[in-house]
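Okay, structure first, notes after.
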Amino acid sequence: MADPADPAKSVQSAEAGEPESESGVSGGGASGAGAPVGRPGAGADAEVEPGSETAAETAAKVMAESAASAARAEGELLRPPAKRSNIWALVWPSALANALYSAVALATLKAIGYMGADAVAANNNAARIFFIFQAIVFGMSTGAVAMVSQAIGNQKAEEAGRVVGLTLALGVVLSGVIGLVFFLIPGALAGLFNTDANTHELTREFIYWSAFFAFAHIGMIIFSSVLRAAGDARTPLWLGGAANVITIALLAVLVNGYGDIIPAYGMAGAVAAQGIGFALISLLLGALWLRGRLVIPGVIRQIWTGRRLRALLRVSAPAVVEGLAFNVGLFVYVWIIAGFGTVANAAYGIGVQVLLVSIMVGVGFQIAASTVVGQSIGARRPHTAYRDGWRCMRLAIYCMSAFTFVLVVFAEEIALFMIDDKAVAADAVVFVRMLGISQPLMAIEFTLSGALRGAGDTRSPFVITSVGLTSRLLCAGLAVWLDLHVYWLYAAVIFDYGIKSTLFIIQYRSGRWARDSRLRAWRAGYMG
């Protein structure tokens with residue numbers, strides 16, 4: 001796939017020259033090529049004040065600055081984009097770490113599968129509730145990723161450390177709030193779904209026990225995100241893999257029990273297994289960060305500055321709203337599917353968990369795109385950033401398209417492996433195949449949204465995601481109104497990703513994000 005045309009040449013002249021000041025006015029520029037700077041109407045022979053430069057000297061200086069700016073612009077255009085090997089160096093550890101995490105989700109689903117379709121549906125329902133609250137942390141970490149990657153690109157490691165410290169402090173506060181809500185009203189949250197009594201009770205149990213481990217999940221999210229933004233994708237891989245090993249080992253004994261020694265805790269055991277594994281690794285990462293053993297220095301002093309907090313909130317706010325809107329929309333979507341019965345709901349849950357492996361590979365490319373684009377923007381190389389995003393997108397399409405074949409051809413075998421219920425498996429096969437067809441479209445969304453966020457543009461992904469999700473809900477509502485089969489609700493996913501991928505390509509090709517990214521960074525105050 002050939003690279004689309006570069007942004008308009010106005011991007012080249014505006015961004016390859018001097019950086020903008022905090023007021024948004026270009027520094028060192030001239031109103032015209034070689035035009036002298038002085039009083040309006042002052043020519044080369046105009047009278048000047050004693051001790052000041054002559055008009056000819058001023059004109060010569062301006063022409064020299066213009067030539068230097070043009071040279072920088074030419075050098076920027078000739079600078080090659082990120083090497084494919086560099087992109088893969090970021091992708092494969094992130095993708096593997098996320099795939100291992102999705103493997104834990106699959107193992108959890110398999111572990112509770114013996115409890116029947118009610119347990120699978122409860123796991124799906126509770127996850128939707130948890131993700132709504134977790135979206136705040138994901139949005140905040142998105143802002144931290146943009147700030148950390150640009151600070152590293154601008155060679156300001158101490159500032160990156162302070163951003164991490166501030167993000168972690170906010171994460172601790174948020175985990176306390178989320179845990180308190182889950183602890184106090186688990187039944188009310190479970191009651192949001194129109195389910196039978198047994199599914200409701202299992203959902204309530206899942207939510208209640210999640211209250212004690214909210215901090216563990218949040219710590220893993222923040223540390224994994226900022227380390228990858230700094231270019232270290234391997235530490236989250238190894239430590240995340242350790243968390244997964246601990247989780248799977250605990251799942252084997254806490255869900256079903258171990259002889260007469262450990263009783264079977266069922267749903268509570270599944271939640272505790274994940275929580276304990278993630279808590280141990282989150283605490284380890286925190287200790288390594290404070291001792292200066294990570295690529296980002298551990299800084300806890302002077303993190304609560306108004307400028308830094310405003311910068312983090314400014315960049316994170318659209319991502320937080322996007323995450324909340326997306327998860328609320330998915331909650332409504334799952335609520336509609338739940339109205340078709342436990343079988344349809346369980347089939348949807350299985351399909352999503354199976355697809356997590358592919359989605360996590362896409363998230364790896366999203367992280368890579370965000371990192372390389374953000375660091376190029378931080379180093380004031382917007383054209384290189386532009387081409388890096390396209391290269392990440394192409395590689396993602398090639399890789400994720402391979403999952404299309406696997407999901408379409410082996411959907412039945414996968415579904416029957418997850419649950420021994422032919423009715424649930426039959427619906428899951430249809431959903432898995434529809435998700436498989438959506439893989440190339442997902443690749444476009446993941447990479448280009450990551451590239452935009454890395455540049456600091458978190459508003460466009462919010463708008464585009466909202467449009468796509470609205471289209472999915474409208475299709476689902478139409479299917480219910482026309483009394484169609486639940487398969488048509490599953491098919492709305494293809495329509496959703498088709499709209500989003502098209503809009504992301506249009507936004508990225510426009511180059512508007514590149515023109516605005518440095519100005520946003522300078523106004524935010526973390527570029528120095």
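Ligands are numbered from 1 in the order shown, chains are lettered A, B, ... in the order of the structure tokens, and residues start at 1 in each chain.
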
Determine, counting only C-alpha atoms, which protein, DNA and RNA residues have an atom within 12 Å of an atom of Met267 (chain A); residues of the same chain fewer than 2 positions away are not included. Present the result as a compact mmCIF listing (two decimals) with N, CA, C and O atoms, in the first residue's frame.
# COMPACT_ATOMS: atom_id res chain seq x y z
N THR A 108 -9.70 -17.34 32.41
CA THR A 108 -10.75 -17.05 33.40
C THR A 108 -12.10 -17.54 32.90
O THR A 108 -12.88 -18.15 33.64
N LEU A 109 -12.37 -17.23 31.62
CA LEU A 109 -13.65 -17.65 31.04
C LEU A 109 -13.76 -19.17 31.01
O LEU A 109 -14.82 -19.74 31.29
N LYS A 110 -12.65 -19.84 30.68
CA LYS A 110 -12.65 -21.30 30.65
C LYS A 110 -12.84 -21.87 32.06
O LYS A 110 -13.55 -22.86 32.25
N ALA A 111 -12.22 -21.19 33.05
CA ALA A 111 -12.30 -21.69 34.42
C ALA A 111 -13.72 -21.62 34.97
O ALA A 111 -14.16 -22.52 35.69
N ILE A 112 -14.46 -20.54 34.62
CA ILE A 112 -15.81 -20.40 35.14
C ILE A 112 -16.85 -21.01 34.20
O ILE A 112 -18.03 -21.03 34.52
N GLY A 113 -16.37 -21.51 33.04
CA GLY A 113 -17.29 -22.09 32.07
C GLY A 113 -18.05 -23.29 32.60
O GLY A 113 -19.18 -23.56 32.19
N TYR A 114 -17.42 -24.00 33.58
CA TYR A 114 -18.10 -25.19 34.14
C TYR A 114 -19.36 -24.79 34.91
O TYR A 114 -20.25 -25.63 35.15
N MET A 115 -19.46 -23.51 35.29
CA MET A 115 -20.62 -23.04 36.04
C MET A 115 -21.81 -22.77 35.13
O MET A 115 -22.90 -22.45 35.61
N GLY A 116 -21.60 -22.84 33.80
CA GLY A 116 -22.70 -22.68 32.86
C GLY A 116 -22.76 -21.33 32.19
O GLY A 116 -21.94 -20.44 32.44
N ASP A 118 -24.82 -18.96 32.58
CA ASP A 118 -25.11 -17.85 33.49
C ASP A 118 -23.81 -17.18 33.97
O ASP A 118 -23.72 -15.95 34.06
N ALA A 119 -22.82 -18.00 34.30
CA ALA A 119 -21.54 -17.46 34.78
C ALA A 119 -20.82 -16.70 33.68
O ALA A 119 -20.21 -15.65 33.92
N VAL A 120 -20.87 -17.24 32.46
CA VAL A 120 -20.22 -16.56 31.33
C VAL A 120 -20.89 -15.22 31.07
O VAL A 120 -20.23 -14.20 30.85
N ALA A 121 -22.22 -15.19 31.10
CA ALA A 121 -22.95 -13.95 30.89
C ALA A 121 -22.66 -12.96 32.02
O ALA A 121 -22.52 -11.75 31.80
N ALA A 122 -22.56 -13.44 33.26
CA ALA A 122 -22.26 -12.57 34.40
C ALA A 122 -20.87 -11.96 34.26
O ALA A 122 -20.66 -10.77 34.57
N ASN A 123 -19.92 -12.75 33.82
CA ASN A 123 -18.56 -12.24 33.59
C ASN A 123 -18.58 -11.12 32.55
O ASN A 123 -17.91 -10.09 32.71
N ALA A 126 -20.38 -7.93 34.19
CA ALA A 126 -19.55 -7.26 35.18
C ALA A 126 -18.35 -6.56 34.53
O ALA A 126 -17.94 -5.48 34.97
N THR A 199 -27.93 -15.16 37.19
CA THR A 199 -26.94 -14.32 36.50
C THR A 199 -26.73 -13.01 37.26
O THR A 199 -25.60 -12.51 37.37
N GLU A 201 -27.01 -12.52 40.51
CA GLU A 201 -26.23 -12.76 41.72
C GLU A 201 -24.75 -12.96 41.39
O GLU A 201 -23.86 -12.46 42.10
N LEU A 202 -24.45 -13.68 40.31
CA LEU A 202 -23.06 -13.89 39.92
C LEU A 202 -22.41 -12.58 39.47
O LEU A 202 -21.23 -12.33 39.75
N THR A 203 -23.17 -11.72 38.79
CA THR A 203 -22.65 -10.41 38.39
C THR A 203 -22.36 -9.56 39.61
O THR A 203 -21.32 -8.89 39.69
N ARG A 204 -23.27 -9.58 40.58
CA ARG A 204 -23.07 -8.82 41.82
C ARG A 204 -21.81 -9.29 42.55
O ARG A 204 -21.02 -8.48 43.07
N GLU A 205 -21.60 -10.59 42.59
CA GLU A 205 -20.43 -11.15 43.27
C GLU A 205 -19.14 -10.71 42.59
O GLU A 205 -18.16 -10.34 43.25
N PHE A 206 -19.13 -10.73 41.27
CA PHE A 206 -17.96 -10.31 40.50
C PHE A 206 -17.62 -8.84 40.81
O PHE A 206 -16.46 -8.48 41.06
N ILE A 207 -18.62 -7.97 40.78
CA ILE A 207 -18.41 -6.55 41.01
C ILE A 207 -17.93 -6.30 42.45
O ILE A 207 -17.01 -5.49 42.68
N TYR A 208 -18.54 -6.97 43.41
CA TYR A 208 -18.18 -6.77 44.82
C TYR A 208 -16.71 -7.08 45.07
O TYR A 208 -15.98 -6.29 45.69
N TRP A 209 -16.24 -8.22 44.59
CA TRP A 209 -14.85 -8.61 44.85
C TRP A 209 -13.86 -7.77 44.04
O TRP A 209 -12.70 -7.63 44.43
N SER A 210 -14.31 -7.21 42.93
CA SER A 210 -13.44 -6.33 42.15
C SER A 210 -13.07 -5.06 42.91
O SER A 210 -12.07 -4.41 42.61
N LEU A 251 -5.92 -19.23 39.40
CA LEU A 251 -7.21 -19.63 38.84
C LEU A 251 -7.45 -21.13 39.02
O LEU A 251 -8.57 -21.57 39.33
N LEU A 254 -8.22 -21.53 42.96
CA LEU A 254 -9.22 -20.72 43.66
C LEU A 254 -10.62 -20.90 43.09
O LEU A 254 -11.61 -20.81 43.83
N VAL A 255 -10.75 -21.11 41.77
CA VAL A 255 -12.08 -21.24 41.18
C VAL A 255 -12.69 -22.60 41.49
O VAL A 255 -13.82 -22.69 41.99
N ASN A 256 -11.95 -23.65 41.21
CA ASN A 256 -12.47 -25.01 41.40
C ASN A 256 -12.04 -25.66 42.71
O ASN A 256 -12.52 -26.75 43.04
N GLY A 257 -11.11 -25.01 43.43
CA GLY A 257 -10.64 -25.58 44.68
C GLY A 257 -9.52 -26.59 44.47
O GLY A 257 -9.21 -26.99 43.33
N ALA A 264 -13.59 -24.37 46.76
CA ALA A 264 -13.88 -23.73 45.47
C ALA A 264 -14.59 -22.40 45.73
O ALA A 264 -15.67 -22.38 46.33
N TYR A 265 -13.98 -21.31 45.28
CA TYR A 265 -14.55 -19.99 45.50
C TYR A 265 -15.35 -19.48 44.30
O TYR A 265 -15.95 -18.41 44.38
N GLY A 269 -13.25 -16.42 43.38
CA GLY A 269 -11.89 -16.91 43.17
C GLY A 269 -11.30 -16.41 41.87
O GLY A 269 -10.10 -16.11 41.79
N ALA A 270 -12.14 -16.30 40.81
CA ALA A 270 -11.65 -15.80 39.53
C ALA A 270 -11.22 -14.34 39.64
O ALA A 270 -10.17 -13.94 39.11
N VAL A 271 -12.00 -13.53 40.34
CA VAL A 271 -11.64 -12.12 40.53
C VAL A 271 -10.39 -11.99 41.37
O VAL A 271 -9.48 -11.20 41.05
N ALA A 272 -10.31 -12.77 42.45
CA ALA A 272 -9.14 -12.69 43.34
C ALA A 272 -7.87 -13.14 42.63
O ALA A 272 -6.79 -12.57 42.86
N ALA A 273 -7.95 -14.13 41.77
CA ALA A 273 -6.77 -14.62 41.07
C ALA A 273 -6.14 -13.52 40.22
O ALA A 273 -4.92 -13.30 40.26
N GLN A 274 -6.96 -12.82 39.44
CA GLN A 274 -6.43 -11.71 38.63
C GLN A 274 -5.93 -10.59 39.53
O GLN A 274 -4.87 -10.01 39.28

Do you know which residues are at most 9 Å from Ile350 (chain A) counting only C-alpha atoms, after dropping those on the same chain fewer than 5 positions away, and could you put them as an NGL selection string?
:A and (106 or 109 or 120-121 or 124 or 345 or 355 or 415 or 418-419 or 424-425 or 428 or 432)

Distance CA of Pro382 (chain A)-CA of Asn154 (chain A), one decimal place?
13.2 Å

Per-residue nearest contacts of region 279-382 of chain A to region 458-467 of chain A (7 Å; only C-alpha atoms) as JSON lines:
{"residue": "A:Val315", "atom": "CA", "partner": "A:Thr458", "partner_atom": "CA", "distance": 6.5}
{"residue": "A:Pro318", "atom": "CA", "partner": "A:Arg459", "partner_atom": "CA", "distance": 5.3}
{"residue": "A:Ala319", "atom": "CA", "partner": "A:Thr458", "partner_atom": "CA", "distance": 5.7}
{"residue": "A:Glu322", "atom": "CA", "partner": "A:Phe462", "partner_atom": "CA", "distance": 4.6}
{"residue": "A:Ala325", "atom": "CA", "partner": "A:Ser466", "partner_atom": "CA", "distance": 7.0}
{"residue": "A:Phe326", "atom": "CA", "partner": "A:Ser466", "partner_atom": "CA", "distance": 6.8}

Using only C-alpha atoms, which of A:Phe417, A:Tyr497, A:Trp481, A:Tyr490 sits nearest Leu441 (chain A)?
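Looking only at the distances to Leu441 (chain A), the closest residue turns out to be A:Tyr497.
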
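Minimum distance to Arg512 (chain A) across A:Ala423, A:Leu324, A:Ala188, A:Leu452 (counting only C-alpha atoms) occurs at A:Leu452.
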
Select from region 169-383 of chain A everything DSSP, run on the backbone, classes as helix (DSSP H, G or I), then give the selection as number ranges by chain.
A: 169-184, 186-190, 197-229, 234-254, 266-290, 306-338, 342-378, 382-383
